[in-house]
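Next comes structure-v8.cif, with mmCIF, C-alpha atoms and all ligand atoms.
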```
data_protein
#
loop_
_atom_site.group_PDB
_atom_site.id
_atom_site.type_symbol
_atom_site.label_atom_id
_atom_site.label_comp_id
_atom_site.auth_asym_id
_atom_site.auth_seq_id
_atom_site.Cartn_x
_atom_site.Cartn_y
_atom_site.Cartn_z
ATOM 1 C CA MET A 201 82.745 113.001 11.366
ATOM 2 C CA PRO A 202 86.475 113.472 11.835
ATOM 3 C CA ILE A 203 89.184 111.746 9.839
ATOM 4 C CA SER A 204 90.559 109.274 12.365
ATOM 5 C CA PHE A 205 93.909 107.550 12.474
ATOM 6 C CA ARG A 206 93.588 104.686 14.952
ATOM 7 C CA SER A 207 96.811 103.211 16.336
ATOM 8 C CA LEU A 208 98.239 103.520 12.866
ATOM 9 C CA THR A 209 101.793 102.348 12.270
ATOM 10 C CA TYR A 210 103.529 102.462 8.913
ATOM 11 C CA ILE A 211 106.728 100.573 8.149
ATOM 12 C CA TYR A 212 108.571 101.039 4.854
ATOM 13 C CA ASP A 213 109.980 97.751 3.485
ATOM 14 C CA GLU A 214 108.527 95.734 6.305
ATOM 15 C CA GLY A 215 110.300 92.432 6.830
ATOM 16 C CA MET A 216 113.468 93.620 5.122
ATOM 17 C CA PRO A 217 116.744 94.235 6.980
ATOM 18 C CA TYR A 218 116.397 97.936 6.090
ATOM 19 C CA ALA A 219 112.774 98.229 7.250
ATOM 20 C CA HIS A 220 111.965 101.676 8.576
ATOM 21 C CA THR A 221 109.112 102.604 10.890
ATOM 22 C CA ALA A 222 107.964 105.992 9.614
ATOM 23 C CA LEU A 223 104.777 106.320 11.707
ATOM 24 C CA LYS A 224 104.428 104.930 15.200
ATOM 25 C CA ASP A 225 101.035 104.118 16.650
ATOM 26 C CA ILE A 226 99.316 107.300 15.515
ATOM 27 C CA ASP A 227 95.984 108.307 17.076
ATOM 28 C CA LEU A 228 94.705 111.461 15.471
ATOM 29 C CA ASP A 229 91.314 113.001 14.691
ATOM 30 C CA ILE A 230 91.419 115.658 11.962
ATOM 31 C CA ARG A 231 88.328 117.852 11.754
ATOM 32 C CA GLU A 232 86.300 118.045 8.562
ATOM 33 C CA GLY A 233 85.450 121.430 7.080
ATOM 34 C CA VAL A 234 88.547 123.266 8.317
ATOM 35 C CA ILE A 235 92.117 123.899 7.185
ATOM 36 C CA THR A 236 94.639 121.715 8.988
ATOM 37 C CA ALA A 237 98.367 122.256 8.565
ATOM 38 C CA VAL A 238 100.846 119.413 8.997
ATOM 39 C CA ILE A 239 104.288 120.635 9.998
ATOM 40 C CA GLY A 240 107.506 119.090 11.303
ATOM 41 C CA GLU A 241 111.138 118.567 10.453
ATOM 42 C CA THR A 242 112.223 117.024 7.207
ATOM 43 C CA GLY A 243 111.963 113.229 7.456
ATOM 44 C CA SER A 244 109.535 113.383 10.388
ATOM 45 C CA GLY A 245 106.795 111.496 8.529
ATOM 46 C CA LYS A 246 104.480 114.205 7.151
ATOM 47 C CA SER A 247 104.248 112.807 3.616
ATOM 48 C CA THR A 248 103.871 109.274 4.935
ATOM 49 C CA LEU A 249 101.013 110.485 7.140
ATOM 50 C CA VAL A 250 99.074 112.297 4.426
ATOM 51 C CA GLU A 251 99.641 109.601 1.790
ATOM 52 C CA HIS A 252 97.381 107.397 3.918
ATOM 53 C CA LEU A 253 94.452 109.762 3.394
ATOM 54 C CA ASN A 254 93.644 108.481 -0.108
ATOM 55 C CA ALA A 255 95.036 105.009 0.566
ATOM 56 C CA LEU A 256 98.107 105.549 -1.539
ATOM 57 C CA LEU A 257 99.825 103.943 1.443
ATOM 58 C CA LEU A 258 97.986 101.324 3.465
ATOM 59 C CA PRO A 259 98.653 101.046 7.185
ATOM 60 C CA SER A 260 101.035 98.336 8.388
ATOM 61 C CA ARG A 261 99.026 98.212 11.650
ATOM 62 C CA GLY A 262 95.912 99.987 12.807
ATOM 63 C CA SER A 263 93.407 101.771 10.627
ATOM 64 C CA LEU A 264 92.171 105.008 9.150
ATOM 65 C CA GLU A 265 88.581 106.185 9.046
ATOM 66 C CA ILE A 266 87.818 108.759 6.418
ATOM 67 C CA LEU A 267 84.340 109.814 5.181
ATOM 68 C CA ASP A 268 82.511 106.492 5.145
ATOM 69 C CA HIS A 269 85.592 104.420 4.386
ATOM 70 C CA THR A 270 87.707 102.387 6.792
ATOM 71 C CA ILE A 271 91.192 101.561 5.576
ATOM 72 C CA VAL A 272 92.755 98.665 7.390
ATOM 73 C CA ALA A 273 96.088 96.909 7.456
ATOM 74 C CA LYS A 274 96.865 93.897 5.342
ATOM 75 C CA GLU A 275 93.444 93.325 3.903
ATOM 76 C CA LYS A 276 91.962 93.925 0.547
ATOM 77 C CA ASN A 277 90.390 97.333 0.861
ATOM 78 C CA LYS A 278 87.314 97.752 -1.273
ATOM 79 C CA ASN A 279 86.145 100.904 -2.978
ATOM 80 C CA LEU A 280 89.506 102.643 -3.083
ATOM 81 C CA LYS A 281 88.469 104.250 -6.346
ATOM 82 C CA ALA A 282 85.407 105.773 -4.658
ATOM 83 C CA LEU A 283 87.672 107.047 -1.878
ATOM 84 C CA ARG A 284 90.043 108.655 -4.389
ATOM 85 C CA ARG A 285 87.115 110.425 -6.007
ATOM 86 C CA GLU A 286 86.404 112.058 -2.632
ATOM 87 C CA VAL A 287 89.921 112.609 -1.347
ATOM 88 C CA GLY A 288 92.300 114.363 -3.724
ATOM 89 C CA LEU A 289 96.007 114.194 -2.983
ATOM 90 C CA VAL A 290 98.499 116.579 -4.559
ATOM 91 C CA PHE A 291 101.865 114.905 -4.064
ATOM 92 C CA GLN A 292 105.029 116.564 -2.947
ATOM 93 C CA PHE A 293 106.932 117.216 -6.224
ATOM 94 C CA SER A 294 103.681 116.636 -8.126
ATOM 95 C CA GLU A 295 105.223 118.430 -11.088
ATOM 96 C CA TYR A 296 107.007 115.191 -12.004
ATOM 97 C CA GLN A 297 103.752 113.329 -12.477
ATOM 98 C CA LEU A 298 102.372 115.058 -15.522
ATOM 99 C CA PHE A 299 102.300 112.657 -18.423
ATOM 100 C CA GLU A 300 99.656 113.465 -21.027
ATOM 101 C CA GLU A 301 100.337 115.061 -24.406
ATOM 102 C CA THR A 302 98.671 118.336 -23.581
ATOM 103 C CA ILE A 303 97.991 120.301 -20.442
ATOM 104 C CA LEU A 304 94.231 120.112 -20.948
ATOM 105 C CA LYS A 305 94.332 116.319 -21.402
ATOM 106 C CA ASP A 306 96.504 115.920 -18.341
ATOM 107 C CA VAL A 307 94.026 117.747 -16.141
ATOM 108 C CA ALA A 308 91.018 116.042 -17.786
ATOM 109 C CA PHE A 309 92.528 112.626 -17.044
ATOM 110 C CA GLY A 310 91.202 112.633 -13.469
ATOM 111 C CA PRO A 311 87.523 113.299 -14.165
ATOM 112 C CA LYS A 312 87.653 110.944 -17.191
ATOM 113 C CA ASN A 313 89.127 108.228 -15.033
ATOM 114 C CA PHE A 314 86.113 108.640 -12.750
ATOM 115 C CA GLY A 315 83.665 108.177 -15.601
ATOM 116 C CA VAL A 316 83.056 111.727 -16.746
ATOM 117 C CA GLU A 317 82.571 111.868 -20.512
ATOM 118 C CA GLU A 318 85.384 113.489 -22.556
ATOM 119 C CA LYS A 319 83.782 116.840 -23.402
ATOM 120 C CA GLU A 320 82.572 117.384 -19.846
ATOM 121 C CA ALA A 321 85.963 116.311 -18.439
ATOM 122 C CA GLU A 322 87.695 118.885 -20.623
ATOM 123 C CA LYS A 323 85.254 121.538 -19.452
ATOM 124 C CA LYS A 324 86.046 120.721 -15.831
ATOM 125 C CA ALA A 325 89.748 120.721 -16.696
ATOM 126 C CA ALA A 326 89.515 124.170 -18.296
ATOM 127 C CA GLU A 327 87.730 125.537 -15.217
ATOM 128 C CA ALA A 328 90.334 124.043 -12.879
ATOM 129 C CA LEU A 329 93.193 125.424 -14.980
ATOM 130 C CA LYS A 330 91.641 128.883 -14.799
ATOM 131 C CA MET A 331 91.384 128.585 -11.013
ATOM 132 C CA VAL A 332 95.119 127.934 -10.726
ATOM 133 C CA GLY A 333 95.994 130.734 -13.127
ATOM 134 C CA ILE A 334 97.065 128.813 -16.243
ATOM 135 C CA ASP A 335 96.214 130.781 -19.355
ATOM 136 C CA GLU A 336 94.028 129.232 -22.014
ATOM 137 C CA SER A 337 96.702 129.853 -24.643
ATOM 138 C CA LEU A 338 98.785 127.123 -22.948
ATOM 139 C CA PHE A 339 96.106 124.410 -22.829
ATOM 140 C CA ALA A 340 97.278 122.648 -26.003
ATOM 141 C CA ASN A 341 100.963 122.704 -25.044
ATOM 142 C CA SER A 342 102.871 119.788 -23.601
ATOM 143 C CA PRO A 343 103.026 119.926 -19.798
ATOM 144 C CA LEU A 344 106.719 119.103 -20.089
ATOM 145 C CA ASP A 345 107.421 122.531 -21.598
ATOM 146 C CA LEU A 346 106.189 124.429 -18.550
ATOM 147 C CA SER A 347 108.267 125.967 -15.784
ATOM 148 C CA GLY A 348 108.411 124.149 -12.436
ATOM 149 C CA GLY A 349 105.875 126.498 -10.881
ATOM 150 C CA GLN A 350 103.468 126.160 -13.788
ATOM 151 C CA LYS A 351 103.766 122.364 -13.696
ATOM 152 C CA ARG A 352 102.850 122.483 -10.023
ATOM 153 C CA ARG A 353 99.752 124.522 -10.854
ATOM 154 C CA VAL A 354 98.724 122.032 -13.527
ATOM 155 C CA ALA A 355 99.165 119.170 -11.069
ATOM 156 C CA ILE A 356 96.948 121.001 -8.565
ATOM 157 C CA ALA A 357 94.362 121.633 -11.292
ATOM 158 C CA GLY A 358 94.358 117.881 -11.950
ATOM 159 C CA ILE A 359 93.004 117.357 -8.445
ATOM 160 C CA LEU A 360 90.596 120.319 -8.484
ATOM 161 C CA ALA A 361 89.022 119.011 -11.691
ATOM 162 C CA ILE A 362 87.879 115.922 -9.766
ATOM 163 C CA ASP A 363 86.181 118.211 -7.242
ATOM 164 C CA PRO A 364 86.947 116.066 -4.171
ATOM 165 C CA LYS A 365 85.462 116.790 -0.723
ATOM 166 C CA ILE A 366 88.829 116.587 0.959
ATOM 167 C CA ILE A 367 91.916 118.127 -0.636
ATOM 168 C CA VAL A 368 95.322 117.083 0.622
ATOM 169 C CA LEU A 369 98.317 119.114 -0.505
ATOM 170 C CA ASP A 370 101.897 118.099 0.244
ATOM 171 C CA GLU A 371 103.993 121.283 0.193
ATOM 172 C CA PRO A 372 102.064 122.829 -2.697
ATOM 173 C CA THR A 373 103.827 126.188 -2.585
ATOM 174 C CA ALA A 374 107.424 124.966 -2.270
ATOM 175 C CA GLY A 375 109.403 126.339 -5.195
ATOM 176 C CA LEU A 376 106.779 128.859 -6.297
ATOM 177 C CA ASP A 377 107.737 132.529 -6.352
ATOM 178 C CA PRO A 378 106.290 134.590 -3.470
ATOM 179 C CA SER A 379 103.344 135.976 -5.410
ATOM 180 C CA GLY A 380 102.607 132.546 -6.882
ATOM 181 C CA ALA A 381 102.688 131.048 -3.393
ATOM 182 C CA ASP A 382 100.294 133.747 -2.141
ATOM 183 C CA GLU A 383 97.893 133.112 -5.021
ATOM 184 C CA MET A 384 97.897 129.378 -4.338
ATOM 185 C CA THR A 385 97.332 129.943 -0.644
ATOM 186 C CA ALA A 386 94.414 132.279 -1.419
ATOM 187 C CA LEU A 387 92.953 129.576 -3.664
ATOM 188 C CA PHE A 388 93.057 126.910 -0.928
ATOM 189 C CA VAL A 389 91.629 129.316 1.627
ATOM 190 C CA SER A 390 88.727 130.203 -0.650
ATOM 191 C CA MET A 391 88.077 126.538 -1.451
ATOM 192 C CA ASN A 392 87.659 126.033 2.272
ATOM 193 C CA ARG A 393 85.708 129.180 3.101
ATOM 194 C CA LYS A 394 83.521 129.429 0.007
ATOM 195 C CA MET A 395 83.172 125.802 -1.062
ATOM 196 C CA GLY A 396 83.415 124.115 2.338
ATOM 197 C CA LYS A 397 86.254 121.811 1.325
ATOM 198 C CA THR A 398 88.326 120.141 4.004
ATOM 199 C CA ILE A 399 91.930 121.153 3.379
ATOM 200 C CA ILE A 400 94.963 119.351 4.759
ATOM 201 C CA ILE A 401 98.201 120.999 3.840
ATOM 202 C CA VAL A 402 101.782 119.963 4.568
ATOM 203 C CA SER A 403 103.965 123.038 4.839
ATOM 204 C CA HIS A 404 107.292 124.376 6.000
ATOM 205 C CA ASP A 405 105.930 127.920 5.840
ATOM 206 C CA ASN A 406 104.914 128.756 9.397
ATOM 207 C CA GLU A 407 103.880 132.294 8.423
ATOM 208 C CA MET A 408 101.224 130.841 6.105
ATOM 209 C CA VAL A 409 100.292 128.214 8.686
ATOM 210 C CA TYR A 410 99.734 130.864 11.369
ATOM 211 C CA SER A 411 97.650 133.080 9.092
ATOM 212 C CA TYR A 412 95.374 130.469 7.578
ATOM 213 C CA ALA A 413 95.360 127.068 9.282
ATOM 214 C CA ASP A 414 92.606 126.549 11.834
ATOM 215 C CA ASP A 415 94.375 123.524 13.321
ATOM 216 C CA THR A 416 97.976 122.368 13.244
ATOM 217 C CA VAL A 417 99.488 118.905 13.559
ATOM 218 C CA VAL A 418 103.183 118.691 14.456
ATOM 219 C CA VAL A 419 104.848 115.430 13.436
ATOM 220 C CA LYS A 420 108.067 114.531 15.184
ATOM 221 C CA LYS A 421 110.009 111.330 14.510
ATOM 222 C CA GLY A 422 106.929 109.487 13.323
ATOM 223 C CA GLU A 423 104.724 110.592 16.209
ATOM 224 C CA ILE A 424 102.198 113.375 16.776
ATOM 225 C CA ALA A 425 103.873 115.939 19.012
ATOM 226 C CA TYR A 426 101.018 118.449 18.883
ATOM 227 C CA HIS A 427 97.528 118.663 17.477
ATOM 228 C CA GLY A 428 95.193 121.523 18.234
ATOM 229 C CA PRO A 429 94.295 125.087 17.365
ATOM 230 C CA THR A 430 97.084 126.824 15.444
ATOM 231 C CA VAL A 431 96.838 129.958 17.594
ATOM 232 C CA ASP A 432 97.345 127.958 20.791
ATOM 233 C CA LEU A 433 100.545 126.411 19.448
ATOM 234 C CA PHE A 434 102.029 129.704 18.295
ATOM 235 C CA SER A 435 101.134 131.552 21.478
ATOM 236 C CA ASP A 436 102.940 128.990 23.640
ATOM 237 C CA ARG A 437 106.647 129.868 23.532
ATOM 238 C CA GLN A 438 107.630 126.965 25.762
ATOM 239 C CA LYS A 439 105.845 124.475 23.542
ATOM 240 C CA MET A 440 107.433 125.955 20.406
ATOM 241 C CA GLU A 441 110.866 125.676 21.978
ATOM 242 C CA GLU A 442 110.215 122.120 23.053
ATOM 243 C CA LEU A 443 109.172 121.232 19.492
ATOM 244 C CA ASP A 444 111.960 123.234 17.804
ATOM 245 C CA ILE A 445 109.467 125.467 16.044
ATOM 246 C CA LEU A 446 110.573 128.964 15.144
ATOM 247 C CA GLU A 447 108.115 131.682 16.059
ATOM 248 C CA PRO A 448 106.627 133.070 12.832
ATOM 249 C CA GLN A 449 107.675 136.701 12.306
ATOM 250 C CA ILE A 450 104.057 137.641 12.044
ATOM 251 C CA VAL A 451 103.528 136.381 15.609
ATOM 252 C CA THR A 452 106.571 138.300 16.867
ATOM 253 C CA PHE A 453 105.211 141.466 15.239
ATOM 254 C CA ARG A 454 101.712 140.883 16.580
ATOM 255 C CA ASN A 455 103.040 140.340 20.118
ATOM 256 C CA LEU A 456 105.151 143.474 19.882
ATOM 257 C CA LEU A 457 102.075 145.519 18.999
ATOM 258 C CA LEU A 458 100.075 143.935 21.814
ATOM 259 C CA GLU A 459 102.839 144.644 24.345
ATOM 260 C CA ASN A 460 102.766 148.271 23.213
ATOM 261 C CA GLY A 461 99.107 148.753 23.898
ATOM 262 C CA PHE A 462 97.615 148.072 20.480
ATOM 263 C CA SER A 463 94.400 146.109 20.642
ATOM 264 C CA ILE A 464 94.982 143.539 17.922
ATOM 265 C CA LYS A 465 91.957 141.217 17.753
ATOM 266 C CA PRO A 466 92.175 137.418 17.852
ATOM 267 C CA GLU A 467 90.788 137.269 14.319
ATOM 268 C CA ASP A 468 93.647 139.422 12.991
ATOM 269 C CA ARG A 469 95.894 136.687 11.703
ATOM 270 C CA THR A 470 97.343 137.859 8.415
ATOM 271 C CA LEU A 471 99.940 140.582 8.053
ATOM 272 C CA GLU A 472 97.413 142.721 6.132
ATOM 273 C CA GLU A 473 94.824 142.387 8.896
ATOM 274 C CA ILE A 474 97.304 143.208 11.641
ATOM 275 C CA ILE A 475 98.664 146.255 9.815
ATOM 276 C CA ALA A 476 95.153 147.491 9.041
ATOM 277 C CA ARG A 477 94.154 147.198 12.705
ATOM 278 C CA ALA A 478 97.321 148.952 13.899
ATOM 279 C CA ALA A 479 96.827 151.738 11.351
ATOM 280 C CA LYS A 480 93.280 152.276 12.598
ATOM 281 C CA GLU A 481 94.544 152.540 16.199
ATOM 282 C CA ILE A 482 97.258 155.019 15.237
ATOM 283 C CA ARG A 483 94.716 157.236 13.494
ATOM 284 C CA ARG A 484 92.550 157.298 16.590
HETATM 285 N N1 LIG B 501 109.848 105.076 -0.104
HETATM 286 C C1 LIG B 501 110.517 105.044 1.059
HETATM 287 N N2 LIG B 501 111.242 103.965 1.403
HETATM 288 C C2 LIG B 501 111.909 103.921 2.576
HETATM 289 N N3 LIG B 501 111.895 104.909 3.495
HETATM 290 C C3 LIG B 501 111.197 105.991 3.218
HETATM 291 C C4 LIG B 501 110.468 106.135 1.977
HETATM 292 N N4 LIG B 501 109.845 107.338 1.974
HETATM 293 C C5 LIG B 501 110.181 107.924 3.148
HETATM 294 N N5 LIG B 501 110.976 107.123 3.901
HETATM 295 C C6 LIG B 501 111.518 107.435 5.234
HETATM 296 O O1 LIG B 501 110.440 107.628 6.145
HETATM 297 C C7 LIG B 501 110.675 108.761 6.974
HETATM 298 C C8 LIG B 501 109.563 109.760 6.807
HETATM 299 O O2 LIG B 501 109.589 110.259 5.486
HETATM 300 P P1 LIG B 501 108.557 111.321 4.934
HETATM 301 O O3 LIG B 501 108.809 111.448 3.497
HETATM 302 O O4 LIG B 501 107.186 110.947 5.392
HETATM 303 O O5 LIG B 501 109.028 112.643 5.719
HETATM 304 P P2 LIG B 501 108.555 114.159 5.552
HETATM 305 O O6 LIG B 501 108.225 114.656 6.914
HETATM 306 O O7 LIG B 501 107.511 114.240 4.516
HETATM 307 O O8 LIG B 501 109.891 114.881 5.057
HETATM 308 P P3 LIG B 501 110.103 116.171 4.062
HETATM 309 O O9 LIG B 501 109.819 117.404 4.875
HETATM 310 O O10 LIG B 501 111.540 116.077 3.681
HETATM 311 O O11 LIG B 501 109.178 116.010 2.904
HETATM 312 C C9 LIG B 501 112.051 109.289 6.589
HETATM 313 O O12 LIG B 501 112.990 108.779 7.493
HETATM 314 C C10 LIG B 501 112.286 108.741 5.207
HETATM 315 O O13 LIG B 501 113.649 108.537 4.968
HETATM 316 MG MG MG B 502 107.427 115.132 2.649
#
```
Let's see the structure in the file written out as structure tokens.
Ligand SMILES: Nc1ncnc2c1ncn2[C@@H]1O[C@H](COP(=O)(O)OP(=O)(O)OP(=O)(O)O)[C@@H](O)[C@H]1O
Ligand SMILES: [Mg+2]
Amino acid sequence: MPISFRSLTYIYDEGMPYAHTALKDIDLDIREGVITAVIGETGSGKSTLVEHLNALLLPSRGSLEILDHTIVAKEKNKNLKALRREVGLVFQFSEYQLFEETILKDVAFGPKNFGVEEKEAEKKAAEALKMVGIDESLFANSPLDLSGGQKRRVAIAGILAIDPKIIVLDEPTAGLDPSGADEMTALFVSMNRKMGKTIIIVSHDNEMVYSYADDTVVVKKGEIAYHGPTVDLFSDRQKMEELDILEPQIVTFRNLLLENGFSIKPEDRTLEEIIARAAKEIRR
């Protein structure tokens, strides 16, 4: 069952003179079980869109269907806690939301909040922290003493520890160093491919989007300007121009090889895969 936005409108400060319509009448079906990227200019409405997925924001009009929940406008929505157990949202700038005394406690907060007993919650927290590459020697430290990139990892671990079915990440790699960003990306990809998690990721990194996202949503001024296979978007120069999307360098490189007679396969999407294929052809 897809995640369905149905004629969903969201207005910040509705009824106020400075009300702002951030999403306009959105109809969108996001597939379960795949990686979907959400891209678009700054201020286009990406965060507003994804913050509906765990009912952090409730629609002003229209509705959202997700798993077996229906989130509607202006009504008391039941079972939001159950929804948040199944849909984990890592906020943009999530590093500012750490608050517990120690890193381990901060990450264990989520599972504990959902009824997991303390010892077990800390076990889940330790596993999640290992997944994001935080060393055990740091577990007892205050999260406030970490670097920005480490804080981000701890915030991500806080969601992984809950083990949700759907993981929503709002610019999770922004501000990480390149190898840190690659490690995080590899983690999300493996959570999708090995654990079958649905991943929805807001990103400004079109290289990453091209290499790993099955589908892409382009948000433009509060509306959906494109939704479909990532490869179709990035192979359509006219569409990219129309949507002000820069061609990822990896696509430029791939096209250059294709134009020069290399047989790069459709499944070659990462730089490593493309180089490996080209090297094989050269050797032949
Ligand atoms: N809390 C808020 N109150 C009022 N307006 C807001 C609020 N949050 C966002 N907006 C406005 O809604 C619009 C969409 O914002 P949103 O944060 O969803 O954009 P975004 O695509 O995530 O941008 P970025 O790439 O900078 O993160 C913007 O015009 C923004 O100024
Ligand atoms: Mg945002």
**OP:** List the residues matched by the PyMOL selection byres (((chain A and resi 241) around 10) and not hetatm) in the displayed structure as a PyMOL selection string, ordered by chain and then by residue number.
**Re:** chain A and resi 239-240+242-246+404+418-421+443-445
Set up a box along x, y and z of the file covering all listed atoms of ligand LIG 501 (chain B), add 5 Å on every one of the six sides, and write the centre and edge lengths in Å to one decimal, as JSON.
```
{"center_x": 110.4, "center_y": 110.7, "center_z": 3.7, "size_x": 16.5, "size_y": 23.5, "size_z": 17.6}
```
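Matched in the shown structure by the PyMOL selection byres (((chain A and resi 353) around 8) and not hetatm): A:Leu329, A:Val332, A:Gly333, A:Ile334, A:Gly349, A:Gln350, A:Lys351, A:Arg352, A:Val354, A:Ala355, A:Ile356, A:Ala357.
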Test item: residues at most 10 Å from A:Thr209, all atoms listed in the file, excluding those fewer than 2 positions along its chain, as a PDB file with C-alpha atoms, keeping the file's coordinate frame:
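Once written, out.pdb looks like this:
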```
ATOM      1  CA  PHE A 205      93.909 107.550  12.474  1.00  0.00           C
ATOM      2  CA  ARG A 206      93.588 104.686  14.952  1.00  0.00           C
ATOM      3  CA  SER A 207      96.811 103.211  16.336  1.00  0.00           C
ATOM      4  CA  ILE A 211     106.728 100.573   8.149  1.00  0.00           C
ATOM      5  CA  THR A 221     109.112 102.604  10.890  1.00  0.00           C
ATOM      6  CA  ALA A 222     107.964 105.992   9.614  1.00  0.00           C
ATOM      7  CA  LEU A 223     104.777 106.320  11.707  1.00  0.00           C
ATOM      8  CA  LYS A 224     104.428 104.930  15.200  1.00  0.00           C
ATOM      9  CA  ASP A 225     101.035 104.118  16.650  1.00  0.00           C
ATOM     10  CA  ILE A 226      99.316 107.300  15.515  1.00  0.00           C
ATOM     11  CA  ASP A 227      95.984 108.307  17.076  1.00  0.00           C
ATOM     12  CA  LEU A 249     101.013 110.485   7.140  1.00  0.00           C
ATOM     13  CA  LEU A 258      97.986 101.324   3.465  1.00  0.00           C
ATOM     14  CA  PRO A 259      98.653 101.046   7.185  1.00  0.00           C
ATOM     15  CA  SER A 260     101.035  98.336   8.388  1.00  0.00           C
ATOM     16  CA  ARG A 261      99.026  98.212  11.650  1.00  0.00           C
ATOM     17  CA  GLY A 262      95.912  99.987  12.807  1.00  0.00           C
ATOM     18  CA  SER A 263      93.407 101.771  10.627  1.00  0.00           C
ATOM     19  CA  ALA A 273      96.088  96.909   7.456  1.00  0.00           C
ATOM     20  CA  GLY A 422     106.929 109.487  13.323  1.00  0.00           C
ATOM     21  CA  GLU A 423     104.724 110.592  16.209  1.00  0.00           C
TER      22      GLU A 423
END
```
**OP:** Could you check how far atom CA of A:Asn279 sits from atom CA of A:Arg231, in Å to one decimal?
**Re:** 22.6 Å
Subject >> Given the PyMOL selection byres (((chain A and resi 291-306) around 8) and not hetatm), the residues it picks as a PyMOL selection string >> reply: chain A and resi 247+289-290+307-310+322+325-326+338-344+348+351-352+354-355+358+369-372
Original post:
How far is it from atom CA of A:Glu286 to atom CA of A:Pro364, in Å with one decimal?
Top reply: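 Distance reported for this atom pair: 4.3 Å.
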**OP:** Go ahead and compute the interatomic distance for atom C9 of ligand LIG 501 (chain B) and atom CA of A:His220, in Å to one decimal.
**Re:**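 Atom CA of A:His220 lies at a distance of 7.9 Å from atom C9 of ligand LIG 501 (chain B).
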Subject >> Minimum-distance residue to ligand MG 502 (chain B), chosen among A:Asn277, A:Asn392, A:Thr470, A:Thr248 (using only C-alpha atoms and all ligand atoms) >> reply: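 Nearest candidate to ligand MG 502 (chain B) out of A:Asn277, A:Asn392, A:Thr470, A:Thr248: A:Thr248.
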